[in-house]
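A short write-up of the structure that comes next.
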Amino acid sequence: MTSAIRLTPLDNTIKHHDHDFHQIVIGLDGHAEFEIEGLGGCIAPLSGCIVPANHVHYYEGIGANRQLIFDLPDNAPSLSGAQRELARLFDAPRFFALDESLRVYLNFLVQELSLPRHAQGDLLAATFLGCLHSRLHVTPCPSRRLDLDSLDSYIQNNLAKRLSVADLASQACLSEAHFSECFREQTGVTPYQYLLRQRLAAARYLLTTSTLPLNEIAERTGFASQSALSHAFRRAFDHSPSQLRRNPRLRLHQTAALLDSNT
């Protein structure tokens with residue numbers, strides 16, 4: 001999949017989702033508000049935010065607005081091969097402002113997008129990402145062995161809270177970016193993916209061993225709402241929480257999976 005760059009307004013209603021590609025959002029006109037895994041901020045013209053893949057984010061346009069959005073899969077040419085170091089931009093969510101030089105390039109980029117045959121998105125994205133990477137001082141961090149047992153205990157003891165990657169990093173006494181890098185090297189998944197697995201496992205257990213209503217299960221396992229739980233559950237298991245409860249065969253399958261995961 002290649003990089004995609006688009007100009008679009010954001011709805012004036014609060015929405016949330018996550019996706020399996022990275023994203024950069026830059027304000028051109030008006031304002032918007034974002035919350036990315038507990039990190040909140042406002043996007044004004046010539047400022048923006050970095051949304052790593054698989055991070056749940058809430059967003060809302062404020063009045064008339066227009067945003068420049070980069071959709072960047074992890075294997076896009078702009079983030080792979082010789083450009084692989086640029087992927088470090090997405091180790092953690094963050095907000096940023098553009099300096100004068102990048103503002104000039106942004107104007108050029110917007111003009112290119114308005115042409116019938118503009119330059120390839122990957123070329124435009126790679127240039128912008130390289131400039132942003134150098135300005136945000138994204139440097140490799142030394143690896144450190146994490147105490148996963150301690151993190152597991154912390155997650156289980158605080159599962160009802162809306163834990164963020166920043167909360168886990170704080171427990172390890174590391175910056176969010178350093179923690180994310182160490183965690184991914186040690187486990188092969190991002191901290192958010194790991195945390196989501198824990199939440200889903202707890203929800204699945206409650207669904208198969210209790211009669212609690214779905215909204216209470218969502219609350220106990222750290223999901224923002226019943227719909228957020230259902231969406232994540234369906235993506236992970238190809239069926240909804242209510243289908244699991246109604247179908248005895250699915251319940252037997254999930255119980256066996258639970259036993260396997262505990263052995």
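Labels for the structure tokens follow display order: chains A, B, ..., residues from 1 in each chain, ligands from 1.
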
DSSP-assigned alpha helix (DSSP H) members of segment 50-234 of chain A, reported as a PyMOL selection string: chain A and resi 100-113+121-135+148-157+165-171+176-187+191-209+214-220+226-234

Would you save the residues from that selection as a compact mmCIF listing (two decimals), in the first residue's frame, using C-alpha atoms?
# COMPACT_ATOMS: atom_id res chain seq x y z
CA GLU A 100 8.70 28.68 8.53
CA SER A 101 10.58 26.35 6.17
CA LEU A 102 8.03 23.56 6.59
CA ARG A 103 5.22 26.06 6.12
CA VAL A 104 6.67 26.93 2.71
CA TYR A 105 6.87 23.23 1.79
CA LEU A 106 3.32 22.71 3.06
CA ASN A 107 2.06 25.44 0.73
CA PHE A 108 3.88 23.76 -2.16
CA LEU A 109 2.41 20.39 -1.21
CA VAL A 110 -1.15 21.76 -1.08
CA GLN A 111 -0.68 23.38 -4.49
CA GLU A 112 0.64 20.08 -5.90
CA LEU A 113 -2.44 18.26 -4.65
CA GLY A 121 2.15 10.77 -2.73
CA ASP A 122 5.11 8.72 -1.53
CA LEU A 123 7.63 11.27 -2.83
CA LEU A 124 5.79 14.19 -1.25
CA ALA A 125 5.29 12.27 2.00
CA ALA A 126 8.92 11.12 2.24
CA THR A 127 10.21 14.68 1.88
CA PHE A 128 7.83 16.01 4.51
CA LEU A 129 8.49 13.12 6.92
CA GLY A 130 12.25 13.54 6.59
CA CYS A 131 12.01 17.23 7.45
CA LEU A 132 9.65 16.58 10.36
CA HIS A 133 11.87 13.76 11.65
CA SER A 134 14.90 16.03 11.83
CA ARG A 135 12.98 18.81 13.58
CA LEU A 148 6.39 -7.70 31.84
CA ASP A 149 5.08 -9.50 34.95
CA SER A 150 4.94 -6.19 36.79
CA LEU A 151 3.24 -4.52 33.84
CA ASP A 152 0.70 -7.36 33.62
CA SER A 153 -0.15 -6.92 37.32
CA TYR A 154 -0.55 -3.18 36.85
CA ILE A 155 -2.84 -3.68 33.84
CA GLN A 156 -5.02 -6.24 35.62
CA ASN A 157 -5.30 -4.07 38.74
CA VAL A 165 0.51 3.86 26.69
CA ALA A 166 1.76 6.84 28.69
CA ASP A 167 0.47 5.16 31.90
CA LEU A 168 2.43 1.98 31.11
CA ALA A 169 5.55 3.97 30.26
CA SER A 170 5.29 5.77 33.58
CA GLN A 171 5.23 2.43 35.41
CA GLU A 176 6.53 6.99 26.05
CA ALA A 177 8.67 6.81 22.90
CA HIS A 178 11.49 4.86 24.62
CA PHE A 179 9.01 2.54 26.31
CA SER A 180 7.19 1.85 23.02
CA GLU A 181 10.45 0.99 21.27
CA CYS A 182 11.65 -1.33 24.06
CA PHE A 183 8.23 -2.97 24.33
CA ARG A 184 7.99 -3.66 20.61
CA GLU A 185 11.50 -5.12 20.51
CA GLN A 186 10.78 -7.40 23.47
CA THR A 187 7.24 -8.57 22.62
CA PRO A 191 1.99 -1.52 23.87
CA TYR A 192 -1.47 -0.55 22.65
CA GLN A 193 -1.98 -3.90 20.91
CA TYR A 194 -0.85 -5.70 24.07
CA LEU A 195 -3.19 -3.66 26.25
CA LEU A 196 -6.09 -4.26 23.89
CA ARG A 197 -5.46 -8.02 24.04
CA GLN A 198 -5.65 -7.90 27.84
CA ARG A 199 -8.90 -5.95 27.73
CA LEU A 200 -10.44 -8.33 25.21
CA ALA A 201 -9.35 -11.40 27.16
CA ALA A 202 -10.95 -9.99 30.32
CA ALA A 203 -14.14 -9.10 28.43
CA ARG A 204 -14.28 -12.55 26.87
CA TYR A 205 -13.91 -14.16 30.30
CA LEU A 206 -16.76 -12.08 31.75
CA LEU A 207 -18.96 -12.83 28.75
CA THR A 208 -18.51 -16.58 29.16
CA THR A 209 -18.64 -16.78 32.98
CA LEU A 214 -22.45 -5.54 28.06
CA ASN A 215 -22.22 -1.93 29.18
CA GLU A 216 -20.93 -3.02 32.60
CA ILE A 217 -18.42 -5.43 31.03
CA ALA A 218 -17.19 -2.58 28.83
CA GLU A 219 -16.81 -0.38 31.91
CA ARG A 220 -14.96 -3.07 33.87
CA GLN A 226 -20.42 -0.74 24.88
CA SER A 227 -20.09 0.09 21.17
CA ALA A 228 -16.30 0.44 21.51
CA LEU A 229 -16.16 -3.02 23.12
CA SER A 230 -18.37 -4.53 20.41
CA HIS A 231 -16.29 -2.98 17.63
CA ALA A 232 -12.97 -4.21 19.05
CA PHE A 233 -14.42 -7.65 19.87
CA ARG A 234 -15.80 -8.14 16.36

Running DSSP on the backbone, which parts of segment 11-244 of chain A land in strand (DSSP E or B), as an NGL selection string? :A and (15-17 or 22-36 or 39-43 or 45 or 47-51 or 57-72 or 94-97)

Kindly indicate which residue among A:Ser80, A:Gly63, A:Pro45, A:Leu115 lies nearest to Leu98 of chain A, using only C-alpha atoms for the distances. A:Pro45

For His31 of chain A, work out the shell of residues within 7 Å, counting only C-alpha atoms and skipping chain neighbours fewer than 5 positions away, then give it as a PyMOL selection string. chain A and resi 43-44+61-62+65

Near-Leu28 of chain A list (7 Å; only C-alpha atoms; drop same-chain fewer than 3 positions) as a ChimeraX atom specification: /A:45-46,66-68
